[in-house]
>>> print(open('model_33.pdb').read())   # PDB, C-alpha atoms, pLDDT in the B column
ATOM      1  CA  MET A   1      59.901  58.465 -34.837  1.00 59.00           C
ATOM      2  CA  SER A   2      60.529  54.718 -34.713  1.00 66.00           C
ATOM      3  CA  PHE A   3      64.048  55.420 -33.432  1.00 66.00           C
ATOM      4  CA  LEU A   4      62.634  57.525 -30.587  1.00 69.00           C
ATOM      5  CA  TYR A   5      60.136  54.809 -29.705  1.00 67.00           C
ATOM      6  CA  LYS A   6      63.005  52.326 -29.429  1.00 70.00           C
ATOM      7  CA  ILE A   7      64.995  54.408 -26.949  1.00 73.00           C
ATOM      8  CA  ALA A   8      61.840  55.648 -25.165  1.00 74.00           C
ATOM      9  CA  PRO A   9      59.304  52.802 -25.478  1.00 75.00           C
ATOM     10  CA  HIS A  10      56.566  54.580 -23.504  1.00 79.00           C
ATOM     11  CA  LEU A  11      56.706  57.685 -25.680  1.00 76.00           C
ATOM     12  CA  GLU A  12      54.331  56.324 -28.326  1.00 76.00           C
ATOM     13  CA  SER A  13      51.475  55.775 -25.874  1.00 80.00           C
ATOM     14  CA  LEU A  14      52.157  58.959 -23.883  1.00 84.00           C
ATOM     15  CA  GLN A  15      53.049  61.430 -26.620  1.00 86.00           C
ATOM     16  CA  GLY A  16      49.594  63.042 -26.487  1.00 89.00           C
ATOM     17  CA  GLU A  17      49.919  63.653 -22.749  1.00 90.00           C
ATOM     18  CA  LEU A  18      53.507  64.852 -23.210  1.00 91.00           C
ATOM     19  CA  ILE A  19      52.441  67.416 -25.816  1.00 92.00           C
ATOM     20  CA  LYS A  20      49.682  68.624 -23.491  1.00 92.00           C
ATOM     21  CA  CYS A  21      52.179  69.026 -20.627  1.00 91.00           C
ATOM     22  CA  MET A  22      54.611  70.866 -22.913  1.00 92.00           C
ATOM     23  CA  GLN A  23      51.834  73.282 -23.848  1.00 93.00           C
ATOM     24  CA  GLN A  24      51.107  73.835 -20.152  1.00 92.00           C
ATOM     25  CA  THR A  25      54.787  74.561 -19.470  1.00 92.00           C
ATOM     26  CA  PHE A  26      54.968  77.051 -22.354  1.00 93.00           C
ATOM     27  CA  GLN A  27      51.758  78.656 -21.100  1.00 92.00           C
ATOM     28  CA  MET A  28      53.193  79.069 -17.602  1.00 92.00           C
ATOM     29  CA  LEU A  29      56.481  80.368 -19.018  1.00 93.00           C
ATOM     30  CA  PHE A  30      54.905  82.893 -21.380  1.00 93.00           C
ATOM     31  CA  ILE A  31      52.196  84.316 -19.114  1.00 94.00           C
ATOM     32  CA  SER A  32      54.133  84.272 -15.841  1.00 94.00           C
ATOM     33  CA  GLY A  33      57.375  85.296 -17.528  1.00 94.00           C
ATOM     34  CA  THR A  34      55.824  88.252 -19.356  1.00 96.00           C
ATOM     35  CA  ILE A  35      54.098  89.617 -16.256  1.00 96.00           C
ATOM     36  CA  ALA A  36      57.186  89.004 -14.107  1.00 96.00           C
ATOM     37  CA  PHE A  37      59.360  90.790 -16.693  1.00 96.00           C
ATOM     38  CA  VAL A  38      57.192  93.919 -16.623  1.00 97.00           C
ATOM     39  CA  LEU A  39      56.791  94.016 -12.836  1.00 97.00           C
ATOM     40  CA  GLY A  40      60.437  93.142 -12.192  1.00 96.00           C
ATOM     41  CA  LEU A  41      61.642  95.812 -14.612  1.00 96.00           C
ATOM     42  CA  ILE A  42      59.464  98.439 -12.916  1.00 96.00           C
ATOM     43  CA  LEU A  43      60.652  97.433  -9.440  1.00 96.00           C
ATOM     44  CA  GLY A  44      64.279  97.332 -10.568  1.00 95.00           C
ATOM     45  CA  VAL A  45      63.992 100.856 -11.968  1.00 95.00           C
ATOM     46  CA  LEU A  46      62.285 102.069  -8.775  1.00 95.00           C
ATOM     47  CA  LEU A  47      65.091 100.584  -6.695  1.00 95.00           C
ATOM     48  CA  ILE A  48      67.793 102.335  -8.705  1.00 93.00           C
ATOM     49  CA  VAL A  49      66.115 105.768  -8.863  1.00 91.00           C
ATOM     50  CA  THR A  50      64.885 105.927  -5.240  1.00 93.00           C
ATOM     51  CA  LYS A  51      68.116 104.832  -3.564  1.00 90.00           C
ATOM     52  CA  LYS A  52      70.472 107.329  -1.953  1.00 86.00           C
ATOM     53  CA  ASP A  53      71.724 109.840  -4.561  1.00 82.00           C
ATOM     54  CA  GLY A  54      69.302 108.386  -7.114  1.00 80.00           C
ATOM     55  CA  LEU A  55      67.323 110.444  -9.631  1.00 84.00           C
ATOM     56  CA  MET A  56      64.243 110.423  -7.388  1.00 87.00           C
ATOM     57  CA  GLN A  57      65.831 109.705  -4.017  1.00 88.00           C
ATOM     58  CA  ASN A  58      63.266 108.424  -1.528  1.00 91.00           C
ATOM     59  CA  GLN A  59      64.668 106.359   1.305  1.00 91.00           C
ATOM     60  CA  VAL A  60      61.227 105.307   2.581  1.00 94.00           C
ATOM     61  CA  VAL A  61      60.229 103.790  -0.769  1.00 94.00           C
ATOM     62  CA  TYR A  62      63.667 102.281  -1.335  1.00 93.00           C
ATOM     63  CA  LYS A  63      63.890 100.630   2.088  1.00 94.00           C
ATOM     64  CA  PHE A  64      60.346  99.259   1.793  1.00 95.00           C
ATOM     65  CA  LEU A  65      60.975  97.730  -1.638  1.00 95.00           C
ATOM     66  CA  ASP A  66      64.430  96.495  -0.633  1.00 94.00           C
ATOM     67  CA  LYS A  67      63.147  94.672   2.465  1.00 95.00           C
ATOM     68  CA  ALA A  68      60.025  93.325   0.720  1.00 94.00           C
ATOM     69  CA  ILE A  69      62.120  91.847  -2.091  1.00 95.00           C
ATOM     70  CA  ASP A  70      64.570  90.282   0.354  1.00 94.00           C
ATOM     71  CA  ILE A  71      61.751  88.738   2.407  1.00 94.00           C
ATOM     72  CA  VAL A  72      59.967  87.188  -0.583  1.00 93.00           C
ATOM     73  CA  ARG A  73      63.257  85.930  -2.054  1.00 92.00           C
ATOM     74  CA  SER A  74      64.110  84.190   1.212  1.00 92.00           C
ATOM     75  CA  ILE A  75      60.955  82.028   1.147  1.00 92.00           C
ATOM     76  CA  PRO A  76      61.461  78.631  -0.565  1.00 91.00           C
ATOM     77  CA  PHE A  77      59.257  78.477  -3.665  1.00 89.00           C
ATOM     78  CA  ILE A  78      57.297  75.397  -2.646  1.00 87.00           C
ATOM     79  CA  ILE A  79      56.354  77.091   0.657  1.00 90.00           C
ATOM     80  CA  LEU A  80      55.576  80.357  -1.140  1.00 90.00           C
ATOM     81  CA  MET A  81      53.252  78.506  -3.489  1.00 89.00           C
ATOM     82  CA  VAL A  82      51.289  77.006  -0.595  1.00 87.00           C
ATOM     83  CA  LEU A  83      51.136  80.367   1.214  1.00 90.00           C
ATOM     84  CA  LEU A  84      49.740  82.082  -1.878  1.00 90.00           C
ATOM     85  CA  ILE A  85      46.941  79.573  -2.577  1.00 88.00           C
ATOM     86  CA  PRO A  86      44.267  81.776  -0.885  1.00 91.00           C
ATOM     87  CA  ILE A  87      45.496  84.844  -2.786  1.00 91.00           C
ATOM     88  CA  SER A  88      45.568  82.866  -6.028  1.00 90.00           C
ATOM     89  CA  ARG A  89      41.973  81.764  -5.463  1.00 90.00           C
ATOM     90  CA  ALA A  90      40.954  85.372  -4.877  1.00 91.00           C
ATOM     91  CA  ILE A  91      42.717  86.664  -8.006  1.00 90.00           C
ATOM     92  CA  VAL A  92      42.309  83.902 -10.622  1.00 86.00           C
ATOM     93  CA  GLY A  93      39.566  81.804  -9.020  1.00 85.00           C
ATOM     94  CA  THR A  94      41.624  78.696  -8.305  1.00 79.00           C
ATOM     95  CA  GLY A  95      44.656  77.652  -6.304  1.00 74.00           C
ATOM     96  CA  SER A  96      45.588  74.625  -8.402  1.00 78.00           C
ATOM     97  CA  GLY A  97      46.367  73.707 -11.988  1.00 82.00           C
ATOM     98  CA  VAL A  98      48.146  75.882 -14.527  1.00 84.00           C
ATOM     99  CA  THR A  99      45.989  78.936 -13.839  1.00 87.00           C
ATOM    100  CA  GLY A 100      46.409  78.536 -10.097  1.00 86.00           C
ATOM    101  CA  SER A 101      50.198  78.561 -10.443  1.00 88.00           C
ATOM    102  CA  TYR A 102      50.484  81.999 -12.054  1.00 91.00           C
ATOM    103  CA  VAL A 103      50.410  84.044  -8.854  1.00 92.00           C
ATOM    104  CA  ALA A 104      53.092  81.937  -7.161  1.00 91.00           C
ATOM    105  CA  LEU A 105      55.288  81.793 -10.276  1.00 94.00           C
ATOM    106  CA  ILE A 106      55.128  85.562 -10.664  1.00 95.00           C
ATOM    107  CA  ALA A 107      55.718  86.172  -6.948  1.00 94.00           C
ATOM    108  CA  GLY A 108      58.670  83.790  -6.996  1.00 93.00           C
ATOM    109  CA  THR A 109      60.238  85.372 -10.087  1.00 95.00           C
ATOM    110  CA  VAL A 110      59.679  89.120  -9.715  1.00 96.00           C
ATOM    111  CA  PRO A 111      61.953  89.700  -6.667  1.00 95.00           C
ATOM    112  CA  PHE A 112      64.828  87.800  -8.285  1.00 94.00           C
ATOM    113  CA  PHE A 113      64.452  89.639 -11.584  1.00 96.00           C
ATOM    114  CA  ALA A 114      64.028  93.048  -9.903  1.00 96.00           C
ATOM    115  CA  ARG A 115      67.281  92.579  -8.002  1.00 95.00           C
ATOM    116  CA  GLN A 116      69.038  91.539 -11.221  1.00 95.00           C
ATOM    117  CA  ILE A 117      67.711  94.634 -12.998  1.00 95.00           C
ATOM    118  CA  GLU A 118      68.895  96.852 -10.143  1.00 94.00           C
ATOM    119  CA  THR A 119      72.393  95.396 -10.495  1.00 94.00           C
ATOM    120  CA  VAL A 120      72.426  95.884 -14.275  1.00 94.00           C
ATOM    121  CA  LEU A 121      71.205  99.489 -14.085  1.00 93.00           C
ATOM    122  CA  SER A 122      73.739 100.331 -11.380  1.00 90.00           C
ATOM    123  CA  ASP A 123      76.495  99.580 -13.915  1.00 88.00           C
ATOM    124  CA  VAL A 124      75.428 102.462 -16.171  1.00 86.00           C
ATOM    125  CA  ASP A 125      78.163 105.110 -16.321  1.00 85.00           C
ATOM    126  CA  TYR A 126      77.112 107.869 -13.926  1.00 83.00           C
ATOM    127  CA  GLY A 127      78.890 110.392 -16.152  1.00 85.00           C
ATOM    128  CA  ILE A 128      76.285 109.776 -18.868  1.00 86.00           C
ATOM    129  CA  ILE A 129      73.508 110.385 -16.347  1.00 86.00           C
ATOM    130  CA  GLU A 130      75.103 113.646 -15.179  1.00 83.00           C
ATOM    131  CA  ALA A 131      75.543 114.759 -18.790  1.00 87.00           C
ATOM    132  CA  SER A 132      71.873 114.014 -19.487  1.00 85.00           C
ATOM    133  CA  GLU A 133      70.818 116.047 -16.453  1.00 82.00           C
ATOM    134  CA  ALA A 134      73.015 118.921 -17.630  1.00 84.00           C
ATOM    135  CA  MET A 135      71.241 118.781 -21.008  1.00 86.00           C
ATOM    136  CA  GLY A 136      67.913 119.241 -19.243  1.00 82.00           C
ATOM    137  CA  PHE A 137      66.622 115.659 -19.388  1.00 86.00           C
ATOM    138  CA  GLY A 138      63.992 114.861 -16.769  1.00 85.00           C
ATOM    139  CA  PRO A 139      63.954 111.646 -14.672  1.00 83.00           C
ATOM    140  CA  THR A 140      61.595 109.833 -17.060  1.00 87.00           C
ATOM    141  CA  GLU A 141      63.731 110.696 -20.091  1.00 89.00           C
ATOM    142  CA  ILE A 142      66.884 109.556 -18.301  1.00 88.00           C
ATOM    143  CA  ILE A 143      65.249 106.270 -17.263  1.00 89.00           C
ATOM    144  CA  PHE A 144      64.261 105.407 -20.840  1.00 90.00           C
ATOM    145  CA  SER A 145      67.018 107.108 -22.852  1.00 88.00           C
ATOM    146  CA  VAL A 146      69.956 106.313 -20.583  1.00 88.00           C
ATOM    147  CA  TYR A 147      69.312 103.615 -17.999  1.00 89.00           C
ATOM    148  CA  LEU A 148      67.212 101.249 -20.122  1.00 90.00           C
ATOM    149  CA  LYS A 149      68.764 102.018 -23.511  1.00 89.00           C
ATOM    150  CA  GLU A 150      72.345 101.621 -22.265  1.00 87.00           C
ATOM    151  CA  SER A 151      71.454  98.429 -20.386  1.00 90.00           C
ATOM    152  CA  ILE A 152      69.772  96.428 -23.166  1.00 91.00           C
ATOM    153  CA  PRO A 153      72.534  93.756 -23.325  1.00 92.00           C
ATOM    154  CA  GLY A 154      72.562  93.409 -19.534  1.00 93.00           C
ATOM    155  CA  ILE A 155      68.770  93.332 -19.307  1.00 94.00           C
ATOM    156  CA  THR A 156      68.701  90.660 -22.016  1.00 94.00           C
ATOM    157  CA  ARG A 157      71.275  88.590 -20.128  1.00 94.00           C
ATOM    158  CA  VAL A 158      69.409  88.692 -16.799  1.00 95.00           C
ATOM    159  CA  THR A 159      66.094  88.060 -18.578  1.00 95.00           C
ATOM    160  CA  MET A 160      67.607  84.928 -20.097  1.00 94.00           C
ATOM    161  CA  ILE A 161      68.862  83.814 -16.667  1.00 94.00           C
ATOM    162  CA  THR A 162      65.456  84.527 -15.122  1.00 95.00           C
ATOM    163  CA  PHE A 163      63.566  82.510 -17.745  1.00 94.00           C
ATOM    164  CA  VAL A 164      65.910  79.571 -17.238  1.00 92.00           C
ATOM    165  CA  SER A 165      65.237  79.833 -13.494  1.00 92.00           C
ATOM    166  CA  LEU A 166      61.499  80.085 -14.208  1.00 92.00           C
ATOM    167  CA  ILE A 167      61.620  76.783 -16.097  1.00 91.00           C
ATOM    168  CA  GLY A 168      62.965  75.202 -12.922  1.00 88.00           C
ATOM    169  CA  ILE A 169      60.224  76.559 -10.695  1.00 90.00           C
ATOM    170  CA  THR A 170      57.502  75.593 -13.198  1.00 88.00           C
ATOM    171  CA  ALA A 171      58.774  72.033 -12.769  1.00 84.00           C
ATOM    172  CA  ILE A 172      58.477  72.420  -8.980  1.00 84.00           C
ATOM    173  CA  ALA A 173      54.971  73.822  -9.429  1.00 83.00           C
ATOM    174  CA  GLY A 174      54.114  70.832 -11.613  1.00 78.00           C
ATOM    175  CA  ALA A 175      55.268  68.464  -8.892  1.00 69.00           C
ATOM    176  CA  ILE A 176      52.557  69.805  -6.582  1.00 69.00           C
ATOM    177  CA  GLY A 177      49.711  69.828  -9.072  1.00 73.00           C
ATOM    178  CA  ALA A 178      50.232  72.727 -11.478  1.00 78.00           C
ATOM    179  CA  GLY A 179      50.661  70.536 -14.562  1.00 82.00           C
ATOM    180  CA  GLY A 180      53.430  70.889 -17.112  1.00 88.00           C
ATOM    181  CA  LEU A 181      56.587  68.869 -17.645  1.00 89.00           C
ATOM    182  CA  GLY A 182      57.312  68.616 -13.920  1.00 87.00           C
ATOM    183  CA  ASP A 183      53.944  66.987 -13.344  1.00 87.00           C
ATOM    184  CA  PHE A 184      54.531  64.659 -16.317  1.00 89.00           C
ATOM    185  CA  ALA A 185      57.930  63.551 -14.979  1.00 88.00           C
ATOM    186  CA  ILE A 186      56.538  62.899 -11.489  1.00 87.00           C
ATOM    187  CA  ARG A 187      53.432  61.017 -12.644  1.00 87.00           C
ATOM    188  CA  TYR A 188      54.945  58.836 -15.330  1.00 87.00           C
ATOM    189  CA  GLY A 189      58.657  58.862 -14.598  1.00 84.00           C
ATOM    190  CA  HIS A 190      58.543  58.470 -10.821  1.00 82.00           C
ATOM    191  CA  GLN A 191      55.143  57.175  -9.728  1.00 83.00           C
ATOM    192  CA  MET A 192      54.657  54.741 -12.622  1.00 85.00           C
ATOM    193  CA  GLY A 193      58.347  53.896 -12.963  1.00 82.00           C
ATOM    194  CA  TYR A 194      58.721  54.863 -16.634  1.00 85.00           C
ATOM    195  CA  ARG A 195      62.348  55.953 -16.369  1.00 87.00           C
ATOM    196  CA  ASP A 196      62.557  56.710 -20.087  1.00 86.00           C
ATOM    197  CA  MET A 197      59.947  59.437 -19.609  1.00 88.00           C
ATOM    198  CA  ILE A 198      62.161  61.196 -17.075  1.00 88.00           C
ATOM    199  CA  TRP A 199      64.966  61.336 -19.635  1.00 90.00           C
ATOM    200  CA  VAL A 200      62.578  62.551 -22.334  1.00 90.00           C
ATOM    201  CA  THR A 201      61.398  65.322 -19.997  1.00 91.00           C
ATOM    202  CA  VAL A 202      64.980  66.297 -19.165  1.00 91.00           C
ATOM    203  CA  ALA A 203      65.874  66.385 -22.879  1.00 93.00           C
ATOM    204  CA  ILE A 204      62.913  68.663 -23.659  1.00 93.00           C
ATOM    205  CA  ILE A 205      63.766  71.028 -20.794  1.00 93.00           C
ATOM    206  CA  LEU A 206      67.392  71.185 -21.945  1.00 94.00           C
ATOM    207  CA  LEU A 207      66.197  71.962 -25.482  1.00 94.00           C
ATOM    208  CA  ILE A 208      63.966  74.790 -24.210  1.00 94.00           C
ATOM    209  CA  ILE A 209      66.854  76.232 -22.180  1.00 93.00           C
ATOM    210  CA  THR A 210      69.178  75.994 -25.194  1.00 94.00           C
ATOM    211  CA  VAL A 211      66.697  77.900 -27.377  1.00 94.00           C
ATOM    212  CA  ILE A 212      66.238  80.605 -24.707  1.00 93.00           C
ATOM    213  CA  GLN A 213      70.005  81.007 -24.369  1.00 93.00           C
ATOM    214  CA  TRP A 214      70.459  81.150 -28.146  1.00 94.00           C
ATOM    215  CA  ILE A 215      67.812  83.877 -28.479  1.00 93.00           C
ATOM    216  CA  GLY A 216      69.313  85.816 -25.573  1.00 91.00           C
ATOM    217  CA  ASN A 217      72.881  85.574 -26.865  1.00 92.00           C
ATOM    218  CA  THR A 218      71.758  86.640 -30.346  1.00 93.00           C
ATOM    219  CA  ILE A 219      70.072  89.760 -28.942  1.00 91.00           C
ATOM    220  CA  ILE A 220      73.126  90.548 -26.802  1.00 90.00           C
ATOM    221  CA  ARG A 221      75.471  90.294 -29.809  1.00 90.00           C
ATOM    222  CA  LYS A 222      73.263  92.603 -31.868  1.00 87.00           C
ATOM    223  CA  THR A 223      72.870  95.234 -29.127  1.00 83.00           C
ATOM    224  CA  ILE A 224      76.428  95.483 -27.802  1.00 77.00           C
ATOM    225  CA  HIS A 225      78.014  98.713 -29.026  1.00 59.00           C
TER
END
>>> encode(input="model_33.pdb", output="structure tokens")
Amino acid sequence: MSFLYKIAPHLESLQGELIKCMQQTFQMLFISGTIAFVLGLILGVLLIVTKKDGLMQNQVVYKFLDKAIDIVRSIPFIILMVLLIPISRAIVGTGSGVTGSYVALIAGTVPFFARQIETVLSDVDYGIIEASEAMGFGPTEIIFSVYLKESIPGITRVTMITFVSLIGITAIAGAIGAGGLGDFAIRYGHQMGYRDMIWVTVAIILLIITVIQWIGNTIIRKTIH
């Protein structure tokens, strides 16, 4: 540790606060990421099955979801976060801090992930889907046994990309009061002028991203067939 204190002299006095902010970032990543994964996966599946010539073609549902996703995706995250403060207060009881950031983080991630899932599922060989229908599989069976099963590597890849993106927006959320590593970098690295703390924060974020990519690539290698 003495080596780290030499290259980052403020680390010794701020390591407690840094650990706290890391925990906040992991909390935002895990809770928001898990909920966004589930909701995004559901929306992505709905987009692919309700589109024209889909398993459950419904142009009204498809057009509504398609436009809603495009609208939310077009709003810059920092503006989206401010817009959702009243909704966040109504749902989780606060519009600030780590808890107050969940609604905005989920809302900012779900549309992106849903669109990625739609793209991945659209790459499934339609011949397999037709064969499954000929064998008497219903829509639900085809969704789970064909679309999702055949797309595991692709879903893993876009999940990895989405979590890396989520790390970036948690830092933005931290810059406007949500806590986490973004808040730490702003408070100590920028406002107090501790430049070494900015580099420490960057190094930690890069390490988190590296671990996420390693996990994702490992899953992809094991599921490609």
>>> residues_around(input="model_33.pdb", residues="Ile71 of chain A", least_positions_apart="6", cutoff="12 Å", atoms="all atoms listed in the file", output="ChimeraX atom specification")
/A:64-65,80,107-108,111-112
>>> atom_distance(input="model_33.pdb", atom1="atom CA of Ser88 of chain A", atom2="atom CA of Ile117 of chain A")
26.0 Å
>>> resolve_selection(input="model_33.pdb", expression="the PyMOL selection byres ((chain A and resi 158) around 10)", output="list in words")
Phe112, Phe113, Ala114, Arg115, Gln116, Ile117, Thr119, Val120, Pro153, Gly154, Ile155, Thr156, Arg157, Thr159, Met160, Ile161, Thr162, Phe163, Val164 and Gly216 of chain A
>>> residues_near_point(input="model_33.pdb", point="(52.7, 65.4, -26.2)", cutoff="12 Å", atoms="only C-alpha atoms", output="list of chain:residue names")
A:His10, A:Leu11, A:Glu12, A:Ser13, A:Leu14, A:Gln15, A:Gly16, A:Glu17, A:Leu18, A:Ile19, A:Lys20, A:Cys21, A:Met22, A:Gln23, A:Gln24, A:Thr25, A:Gly180, A:Leu181, A:Phe184, A:Met197, A:Val200, A:Thr201, A:Ile204
>>> residues_around(input="model_33.pdb", residues="segment 94-97 of chain A", least_positions_apart="3", cutoff="10 Å", atoms="all atoms listed in the file", output="ChimeraX atom specification")
/A:24,81-82,84-91,100-104,173-174,176-180
>>> write_last_selection(input="model_33.pdb", atoms="C-alpha atoms", output="PDB file, in the coordinates of the input")
ATOM      1  CA  GLN A  24      51.107  73.835 -20.152  1.00 92.00           C
ATOM      2  CA  MET A  81      53.252  78.506  -3.489  1.00 89.00           C
ATOM      3  CA  VAL A  82      51.289  77.006  -0.595  1.00 87.00           C
ATOM      4  CA  LEU A  84      49.740  82.082  -1.878  1.00 90.00           C
ATOM      5  CA  ILE A  85      46.941  79.573  -2.577  1.00 88.00           C
ATOM      6  CA  PRO A  86      44.267  81.776  -0.885  1.00 91.00           C
ATOM      7  CA  ILE A  87      45.496  84.844  -2.786  1.00 91.00           C
ATOM      8  CA  SER A  88      45.568  82.866  -6.028  1.00 90.00           C
ATOM      9  CA  ARG A  89      41.973  81.764  -5.463  1.00 90.00           C
ATOM     10  CA  ALA A  90      40.954  85.372  -4.877  1.00 91.00           C
ATOM     11  CA  ILE A  91      42.717  86.664  -8.006  1.00 90.00           C
ATOM     12  CA  GLY A 100      46.409  78.536 -10.097  1.00 86.00           C
ATOM     13  CA  SER A 101      50.198  78.561 -10.443  1.00 88.00           C
ATOM     14  CA  TYR A 102      50.484  81.999 -12.054  1.00 91.00           C
ATOM     15  CA  VAL A 103      50.410  84.044  -8.854  1.00 92.00           C
ATOM     16  CA  ALA A 104      53.092  81.937  -7.161  1.00 91.00           C
ATOM     17  CA  ALA A 173      54.971  73.822  -9.429  1.00 83.00           C
ATOM     18  CA  GLY A 174      54.114  70.832 -11.613  1.00 78.00           C
ATOM     19  CA  ILE A 176      52.557  69.805  -6.582  1.00 69.00           C
ATOM     20  CA  GLY A 177      49.711  69.828  -9.072  1.00 73.00           C
ATOM     21  CA  ALA A 178      50.232  72.727 -11.478  1.00 78.00           C
ATOM     22  CA  GLY A 179      50.661  70.536 -14.562  1.00 82.00           C
ATOM     23  CA  GLY A 180      53.430  70.889 -17.112  1.00 88.00           C
TER      24      GLY A 180
END
>>> atom_distance(input="model_33.pdb", atom1="atom CA of Met56 of chain A", atom2="atom CA of Thr34 of chain A")
26.6 Å
>>> residues_around(input="model_33.pdb", residues="Ile152 of chain A", least_positions_apart="5", cutoff="12 Å", atoms="all atoms listed in the file", output="PyMOL selection string")
chain A and resi 41+117+120-121+123-124+144-147+157-159+216-217+219-225
>>> atom_distance(input="model_33.pdb", atom1="atom CA of Ile208 of chain A", atom2="atom CA of Val38 of chain A")
21.7 Å
>>> closest_residue(input="model_33.pdb", among="A:Ile78, A:Val98, A:Asp66, A:Val49", to="Phe26 of chain A", atoms="all atoms listed in the file")
A:Val98
>>> closest_residue(input="model_33.pdb", among="A:Val202, A:Ile106, A:Ala185, A:Ile215", to="Ile35 of chain A", atoms="all atoms listed in the file")
A:Ile106
>>> closest_residue(input="model_33.pdb", among="A:Ser32, A:Glu150, A:Ile75, A:Lys67", to="Tyr126 of chain A", atoms="all atoms listed in the file")
A:Glu150
>>> axis_aligned_box(input="model_33.pdb", around="segment 147-152 of chain A", padding_each_side="6 Å", output="lines of an AutoDock Vina configuration file")
center_x = 69.8
center_y = 100.0
center_z = -20.8
size_x = 17.1
size_y = 19.2
size_z = 17.5
>>> closest_residue(input="model_33.pdb", among="A:Gln27, A:Asn58, A:Ser165, A:Ser132", to="Phe77 of chain A", atoms="only C-alpha atoms")
A:Ser165
>>> closest_residue(input="model_33.pdb", among="A:Pro76, A:Leu46, A:Gly138, A:Ile198", to="Leu105 of chain A", atoms="only C-alpha atoms")
A:Pro76
>>> build_atoms(input="model_33.pdb", residues="segment 180-193 of chain A", atoms="N, CA and C atoms", output="PDB file, in the coordinates of the input")
ATOM      1  N   GLY A 180      52.162  70.618 -16.449  1.00 88.00           N
ATOM      2  CA  GLY A 180      53.430  70.889 -17.112  1.00 88.00           C
ATOM      3  C   GLY A 180      54.376  69.704 -17.088  1.00 88.00           C
ATOM      4  N   LEU A 181      55.601  69.943 -17.528  1.00 89.00           N
ATOM      5  CA  LEU A 181      56.587  68.869 -17.645  1.00 89.00           C
ATOM      6  C   LEU A 181      56.996  68.297 -16.293  1.00 89.00           C
ATOM      7  N   GLY A 182      56.999  69.119 -15.256  1.00 87.00           N
ATOM      8  CA  GLY A 182      57.312  68.616 -13.920  1.00 87.00           C
ATOM      9  C   GLY A 182      56.295  67.599 -13.456  1.00 87.00           C
ATOM     10  N   ASP A 183      55.029  67.903 -13.696  1.00 87.00           N
ATOM     11  CA  ASP A 183      53.944  66.987 -13.344  1.00 87.00           C
ATOM     12  C   ASP A 183      54.054  65.697 -14.156  1.00 87.00           C
ATOM     13  N   PHE A 184      54.383  65.829 -15.447  1.00 89.00           N
ATOM     14  CA  PHE A 184      54.531  64.659 -16.317  1.00 89.00           C
ATOM     15  C   PHE A 184      55.643  63.748 -15.810  1.00 89.00           C
ATOM     16  N   ALA A 185      56.788  64.337 -15.460  1.00 88.00           N
ATOM     17  CA  ALA A 185      57.930  63.551 -14.979  1.00 88.00           C
ATOM     18  C   ALA A 185      57.609  62.839 -13.673  1.00 88.00           C
ATOM     19  N   ILE A 186      56.892  63.505 -12.778  1.00 87.00           N
ATOM     20  CA  ILE A 186      56.538  62.899 -11.489  1.00 87.00           C
ATOM     21  C   ILE A 186      55.545  61.757 -11.686  1.00 87.00           C
ATOM     22  N   ARG A 187      54.497  62.021 -12.478  1.00 87.00           N
ATOM     23  CA  ARG A 187      53.432  61.017 -12.644  1.00 87.00           C
ATOM     24  C   ARG A 187      53.916  59.772 -13.369  1.00 87.00           C
ATOM     25  N   TYR A 188      54.575  59.986 -14.503  1.00 87.00           N
ATOM     26  CA  TYR A 188      54.945  58.836 -15.330  1.00 87.00           C
ATOM     27  C   TYR A 188      56.370  58.347 -15.069  1.00 87.00           C
ATOM     28  N   GLY A 189      57.278  59.272 -14.823  1.00 84.00           N
ATOM     29  CA  GLY A 189      58.657  58.862 -14.598  1.00 84.00           C
ATOM     30  C   GLY A 189      58.907  58.287 -13.223  1.00 84.00           C
ATOM     31  N   HIS A 190      58.300  58.902 -12.199  1.00 82.00           N
ATOM     32  CA  HIS A 190      58.543  58.470 -10.821  1.00 82.00           C
ATOM     33  C   HIS A 190      57.467  57.516 -10.312  1.00 82.00           C
ATOM     34  N   GLN A 191      56.216  57.975 -10.328  1.00 83.00           N
ATOM     35  CA  GLN A 191      55.143  57.175  -9.728  1.00 83.00           C
ATOM     36  C   GLN A 191      54.859  55.886 -10.495  1.00 83.00           C
ATOM     37  N   MET A 192      54.929  55.931 -11.823  1.00 85.00           N
ATOM     38  CA  MET A 192      54.657  54.741 -12.622  1.00 85.00           C
ATOM     39  C   MET A 192      55.931  54.008 -13.037  1.00 85.00           C
ATOM     40  N   GLY A 193      57.078  54.582 -12.714  1.00 82.00           N
ATOM     41  CA  GLY A 193      58.347  53.896 -12.963  1.00 82.00           C
ATOM     42  C   GLY A 193      58.816  53.881 -14.401  1.00 82.00           C
TER      43      GLY A 193
END
